[in-house]
>>> print(open('final_28.pdb').read())   # PDB, N, CA and C atoms
ATOM      1  N   MET A  74       0.838  -1.177   0.000
ATOM      2  CA  MET A  74       0.000   0.000   0.000
ATOM      3  C   MET A  74       0.889   1.249   0.000
ATOM      4  N   ARG A  75       0.675   2.093  -0.972
ATOM      5  CA  ARG A  75       1.403   3.363  -1.051
ATOM      6  C   ARG A  75       0.521   4.462  -0.500
ATOM      7  N   LYS A  76       1.160   5.367   0.244
ATOM      8  CA  LYS A  76       0.440   6.516   0.783
ATOM      9  C   LYS A  76       0.946   7.780   0.117
ATOM     10  N   CYS A  77       0.049   8.700  -0.142
ATOM     11  CA  CYS A  77       0.403   9.980  -0.750
ATOM     12  C   CYS A  77       1.293  10.762   0.217
ATOM     13  N   ILE A  78       2.391  11.311  -0.309
ATOM     14  CA  ILE A  78       3.306  12.071   0.542
ATOM     15  C   ILE A  78       2.722  13.426   0.930
ATOM     16  N   ARG A  79       1.670  13.852   0.256
ATOM     17  CA  ARG A  79       1.034  15.134   0.573
ATOM     18  C   ARG A  79      -0.177  14.971   1.486
ATOM     19  N   CYS A  80      -1.029  13.999   1.154
ATOM     20  CA  CYS A  80      -2.302  13.845   1.870
ATOM     21  C   CYS A  80      -2.298  12.741   2.917
ATOM     22  N   ASP A  81      -1.324  11.833   2.832
ATOM     23  CA  ASP A  81      -1.220  10.681   3.720
ATOM     24  C   ASP A  81      -2.450   9.772   3.636
ATOM     25  N   ILE A  82      -3.002   9.635   2.404
ATOM     26  CA  ILE A  82      -4.092   8.678   2.206
ATOM     27  C   ILE A  82      -3.643   7.640   1.169
ATOM     28  N   GLU A  83      -4.342   6.514   1.120
ATOM     29  CA  GLU A  83      -3.972   5.419   0.235
ATOM     30  C   GLU A  83      -4.134   5.821  -1.231
ATOM     31  N   MET A  84      -3.097   5.487  -2.022
ATOM     32  CA  MET A  84      -3.107   5.816  -3.446
ATOM     33  C   MET A  84      -3.681   4.658  -4.260
ATOM     34  N   VAL A  85      -4.175   4.958  -5.449
ATOM     35  CA  VAL A  85      -4.610   3.941  -6.402
ATOM     36  C   VAL A  85      -3.336   3.464  -7.102
ATOM     37  N   GLU A  86      -3.035   2.157  -7.004
ATOM     38  CA  GLU A  86      -1.758   1.616  -7.489
ATOM     39  C   GLU A  86      -1.922   0.761  -8.733
ATOM     40  N   GLY A  87      -0.766   0.443  -9.353
ATOM     41  CA  GLY A  87      -0.722  -0.526 -10.436
ATOM     42  C   GLY A  87      -1.204  -0.007 -11.780
ATOM     43  N   LEU A  88      -1.210   1.298 -11.968
ATOM     44  CA  LEU A  88      -1.675   1.865 -13.224
ATOM     45  C   LEU A  88      -0.571   1.794 -14.279
ATOM     46  N   ASP A  89      -0.947   1.512 -15.515
ATOM     47  CA  ASP A  89       0.023   1.434 -16.600
ATOM     48  C   ASP A  89       0.337   2.818 -17.143
ATOM     49  N   ILE A  90       1.559   2.977 -17.633
ATOM     50  CA  ILE A  90       1.985   4.199 -18.312
ATOM     51  C   ILE A  90       2.170   3.811 -19.774
ATOM     52  N   ILE A  91       1.359   4.384 -20.642
ATOM     53  CA  ILE A  91       1.346   4.006 -22.052
ATOM     54  C   ILE A  91       1.958   5.110 -22.902
ATOM     55  N   GLU A  92       2.814   4.737 -23.842
ATOM     56  CA  GLU A  92       3.363   5.683 -24.806
ATOM     57  C   GLU A  92       2.235   6.020 -25.784
ATOM     58  N   PRO A  93       1.852   7.302 -25.903
ATOM     59  CA  PRO A  93       0.633   7.661 -26.607
ATOM     60  C   PRO A  93       0.599   7.372 -28.112
ATOM     61  N   MET A  94       1.707   7.463 -28.800
ATOM     62  CA  MET A  94       1.684   7.275 -30.251
ATOM     63  C   MET A  94       1.455   5.825 -30.657
ATOM     64  N   HIS A  95       2.152   4.902 -30.000
ATOM     65  CA  HIS A  95       2.109   3.506 -30.421
ATOM     66  C   HIS A  95       1.387   2.603 -29.426
ATOM     67  N   GLY A  96       1.053   3.125 -28.270
ATOM     68  CA  GLY A  96       0.316   2.351 -27.282
ATOM     69  C   GLY A  96       1.142   1.315 -26.543
ATOM     70  N   SER A  97       2.461   1.388 -26.668
ATOM     71  CA  SER A  97       3.293   0.407 -25.962
ATOM     72  C   SER A  97       3.649   0.912 -24.576
ATOM     73  N   LYS A  98       3.869  -0.031 -23.669
ATOM     74  CA  LYS A  98       4.250   0.324 -22.304
ATOM     75  C   LYS A  98       5.719   0.717 -22.276
ATOM     76  N   LEU A  99       6.049   1.673 -21.437
ATOM     77  CA  LEU A  99       7.431   2.093 -21.287
ATOM     78  C   LEU A  99       8.160   1.123 -20.372
ATOM     79  N   LYS A 100       9.404   0.808 -20.714
ATOM     80  CA  LYS A 100      10.216  -0.111 -19.928
ATOM     81  C   LYS A 100      11.508   0.577 -19.533
ATOM     82  N   VAL A 101      12.120   0.107 -18.473
ATOM     83  CA  VAL A 101      13.395   0.642 -18.012
ATOM     84  C   VAL A 101      14.446  -0.450 -18.161
ATOM     85  N   THR A 102      15.540  -0.118 -18.861
ATOM     86  CA  THR A 102      16.617  -1.083 -19.067
ATOM     87  C   THR A 102      17.953  -0.416 -18.790
ATOM     88  N   ARG A 103      18.998  -1.217 -18.728
ATOM     89  CA  ARG A 103      20.346  -0.666 -18.552
ATOM     90  C   ARG A 103      20.744   0.086 -19.813
ATOM     91  N   PRO A 104      21.567   1.135 -19.702
ATOM     92  CA  PRO A 104      21.946   1.945 -20.867
ATOM     93  C   PRO A 104      22.622   1.165 -21.988
ATOM     94  N   GLU A 105      23.412   0.168 -21.666
ATOM     95  CA  GLU A 105      24.125  -0.565 -22.709
ATOM     96  C   GLU A 105      23.210  -1.435 -23.560
ATOM     97  N   THR A 106      21.934  -1.593 -23.180
ATOM     98  CA  THR A 106      21.015  -2.403 -23.970
ATOM     99  C   THR A 106      20.174  -1.559 -24.918
ATOM    100  N   LEU A 107      20.397  -0.253 -24.964
ATOM    101  CA  LEU A 107      19.618   0.592 -25.866
ATOM    102  C   LEU A 107      19.898   0.209 -27.315
ATOM    103  N   GLY A 108      18.870   0.164 -28.111
ATOM    104  CA  GLY A 108      19.022  -0.163 -29.518
ATOM    105  C   GLY A 108      18.960  -1.643 -29.828
ATOM    106  N   VAL A 109      18.943  -2.489 -28.812
ATOM    107  CA  VAL A 109      18.824  -3.937 -29.013
ATOM    108  C   VAL A 109      17.690  -4.448 -28.137
ATOM    109  N   ILE A 110      17.309  -5.678 -28.343
ATOM    110  CA  ILE A 110      16.278  -6.260 -27.484
ATOM    111  C   ILE A 110      16.860  -6.405 -26.088
ATOM    112  N   PRO A 111      16.274  -5.752 -25.090
ATOM    113  CA  PRO A 111      16.865  -5.757 -23.750
ATOM    114  C   PRO A 111      16.797  -7.121 -23.078
ATOM    115  N   LYS A 112      17.959  -7.597 -22.637
ATOM    116  CA  LYS A 112      18.009  -8.839 -21.867
ATOM    117  C   LYS A 112      17.817  -8.549 -20.383
ATOM    118  N   ASN A 113      18.232  -7.373 -19.970
ATOM    119  CA  ASN A 113      18.156  -7.001 -18.557
ATOM    120  C   ASN A 113      17.021  -6.006 -18.336
ATOM    121  N   ASN A 114      15.832  -6.447 -18.602
ATOM    122  CA  ASN A 114      14.654  -5.611 -18.441
ATOM    123  C   ASN A 114      14.357  -5.470 -16.952
ATOM    124  N   PHE A 115      14.283  -4.252 -16.484
ATOM    125  CA  PHE A 115      13.984  -3.994 -15.076
ATOM    126  C   PHE A 115      12.494  -3.890 -14.815
ATOM    127  N   GLY A 116      11.697  -4.130 -15.815
ATOM    128  CA  GLY A 116      10.251  -4.134 -15.635
ATOM    129  C   GLY A 116       9.577  -2.920 -16.222
ATOM    130  N   ASN A 117       8.274  -2.972 -16.202
ATOM    131  CA  ASN A 117       7.471  -1.861 -16.693
ATOM    132  C   ASN A 117       7.416  -0.758 -15.651
ATOM    133  N   MET A 118       7.282   0.458 -16.130
ATOM    134  CA  MET A 118       7.026   1.560 -15.212
ATOM    135  C   MET A 118       5.540   1.531 -14.880
ATOM    136  N   LYS A 119       5.239   1.664 -13.619
ATOM    137  CA  LYS A 119       3.866   1.703 -13.140
ATOM    138  C   LYS A 119       3.633   3.036 -12.450
ATOM    139  N   ALA A 120       2.393   3.386 -12.258
ATOM    140  CA  ALA A 120       2.070   4.640 -11.599
ATOM    141  C   ALA A 120       1.034   4.404 -10.514
ATOM    142  N   SER A 121       1.097   5.236  -9.511
ATOM    143  CA  SER A 121       0.046   5.293  -8.496
ATOM    144  C   SER A 121      -0.403   6.750  -8.426
ATOM    145  N   VAL A 122      -1.683   6.940  -8.160
ATOM    146  CA  VAL A 122      -2.264   8.280  -8.165
ATOM    147  C   VAL A 122      -3.057   8.501  -6.883
ATOM    148  N   CYS A 123      -2.887   9.683  -6.317
ATOM    149  CA  CYS A 123      -3.666  10.049  -5.134
ATOM    150  C   CYS A 123      -5.061  10.481  -5.596
ATOM    151  N   PRO A 124      -6.101   9.850  -5.066
ATOM    152  CA  PRO A 124      -7.452  10.216  -5.478
ATOM    153  C   PRO A 124      -7.920  11.562  -4.923
ATOM    154  N   LYS A 125      -7.170  12.098  -3.969
ATOM    155  CA  LYS A 125      -7.574  13.373  -3.372
ATOM    156  C   LYS A 125      -6.925  14.572  -4.069
ATOM    157  N   CYS A 126      -5.589  14.532  -4.228
ATOM    158  CA  CYS A 126      -4.889  15.705  -4.776
ATOM    159  C   CYS A 126      -4.353  15.496  -6.186
ATOM    160  N   GLY A 127      -4.326  14.229  -6.673
ATOM    161  CA  GLY A 127      -3.851  13.958  -8.020
ATOM    162  C   GLY A 127      -2.358  13.754  -8.136
ATOM    163  N   TYR A 128      -1.652  13.712  -7.023
ATOM    164  CA  TYR A 128      -0.214  13.471  -7.049
ATOM    165  C   TYR A 128       0.052  12.115  -7.710
ATOM    166  N   VAL A 129       1.036  12.069  -8.626
ATOM    167  CA  VAL A 129       1.386  10.840  -9.334
ATOM    168  C   VAL A 129       2.777  10.401  -8.917
ATOM    169  N   GLU A 130       2.914   9.121  -8.637
ATOM    170  CA  GLU A 130       4.202   8.534  -8.276
ATOM    171  C   GLU A 130       4.491   7.410  -9.256
ATOM    172  N   ILE A 131       5.716   7.383  -9.797
ATOM    173  CA  ILE A 131       6.109   6.356 -10.758
ATOM    174  C   ILE A 131       7.080   5.396 -10.083
ATOM    175  N   TYR A 132       6.901   4.099 -10.338
ATOM    176  CA  TYR A 132       7.770   3.084  -9.757
ATOM    177  C   TYR A 132       7.928   1.925 -10.740
ATOM    178  N   LEU A 133       8.918   1.074 -10.510
ATOM    179  CA  LEU A 133       9.166  -0.081 -11.364
ATOM    180  C   LEU A 133       8.445  -1.310 -10.842
ATOM    181  N   SER A 134       7.988  -2.140 -11.774
ATOM    182  CA  SER A 134       7.252  -3.339 -11.391
ATOM    183  C   SER A 134       8.160  -4.475 -10.928
ATOM    184  N   ARG A 135       9.457  -4.430 -11.256
ATOM    185  CA  ARG A 135      10.379  -5.519 -10.925
ATOM    186  C   ARG A 135      11.525  -5.019 -10.075
ATOM    187  N   LEU A 136      11.262  -4.650  -8.858
ATOM    188  CA  LEU A 136      12.294  -4.148  -7.955
ATOM    189  C   LEU A 136      13.379  -5.183  -7.701
ATOM    190  N   ASP A 137      13.033  -6.462  -7.747
ATOM    191  CA  ASP A 137      14.027  -7.517  -7.535
ATOM    192  C   ASP A 137      15.128  -7.474  -8.591
ATOM    193  N   LYS A 138      14.797  -7.078  -9.819
ATOM    194  CA  LYS A 138      15.800  -6.974 -10.892
ATOM    195  C   LYS A 138      16.785  -5.840 -10.613
ATOM    196  N   ILE A 139      16.317  -4.719 -10.108
ATOM    197  CA  ILE A 139      17.190  -3.584  -9.781
ATOM    198  C   ILE A 139      18.125  -3.973  -8.637
ATOM    199  N   GLN A 140      17.601  -4.627  -7.615
ATOM    200  CA  GLN A 140      18.424  -5.034  -6.476
ATOM    201  C   GLN A 140      19.495  -6.020  -6.918
ATOM    202  N   GLN A 141      19.173  -6.901  -7.851
ATOM    203  CA  GLN A 141      20.105  -7.881  -8.371
ATOM    204  C   GLN A 141      21.226  -7.190  -9.162
ATOM    205  N   TYR A 142      20.891  -6.155  -9.920
ATOM    206  CA  TYR A 142      21.851  -5.426 -10.747
ATOM    207  C   TYR A 142      22.843  -4.640  -9.891
ATOM    208  N   ASN A 143      22.421  -4.136  -8.753
ATOM    209  CA  ASN A 143      23.271  -3.285  -7.905
ATOM    210  C   ASN A 143      24.266  -4.079  -7.059
ATOM    211  N   ARG A 144      24.220  -5.371  -7.067
ATOM    212  CA  ARG A 144      25.138  -6.166  -6.232
ATOM    213  C   ARG A 144      26.502  -6.258  -6.819
TER     214      ARG A 144
END
>>> encode(input="final_28.pdb", output="structure tokens")
Amino acid sequence: MRKCIRCDIEMVEGLDIIEPMHGSKLKVTRPETLGVIPKNNFGNMKASVCPKCGYVEIYLSRLDKIQQYNR
């Protein structure tokens, strides 16, 4: 459960972030994989939104991949 840093109420989580022209989801990868099919995909970017103030928070769906990369 994510809480809004402004309102301290529960945010709506798990929302997709879609690239508007082609409708594909945005992904986060290591810089050296740009231009090729990414082998080290860190997951889709997801969003949570505060239903009271509209604050948006972006996070990665595969935190385990980031933790693995930083070791």
>>> atom_distance(input="final_28.pdb", atom1="CA of Ser134 (chain A)", atom2="CA of Glu86 (chain A)")
11.0 Å
>>> resolve_selection(input="final_28.pdb", expression="the PyMOL selection byres ((chain A and resi 122-129) around 5)", output="list in words")
Met84, Val85, Ala120, Ser121, Glu130 and Ile131 of chain A
>>> atom_distance(input="final_28.pdb", atom1="atom C of Gly116 (chain A)", atom2="CA of Leu133 (chain A)")
5.6 Å
>>> atom_distance(input="final_28.pdb", atom1="CA of Lys119 (chain A)", atom2="CA of Ser97 (chain A)")
12.9 Å
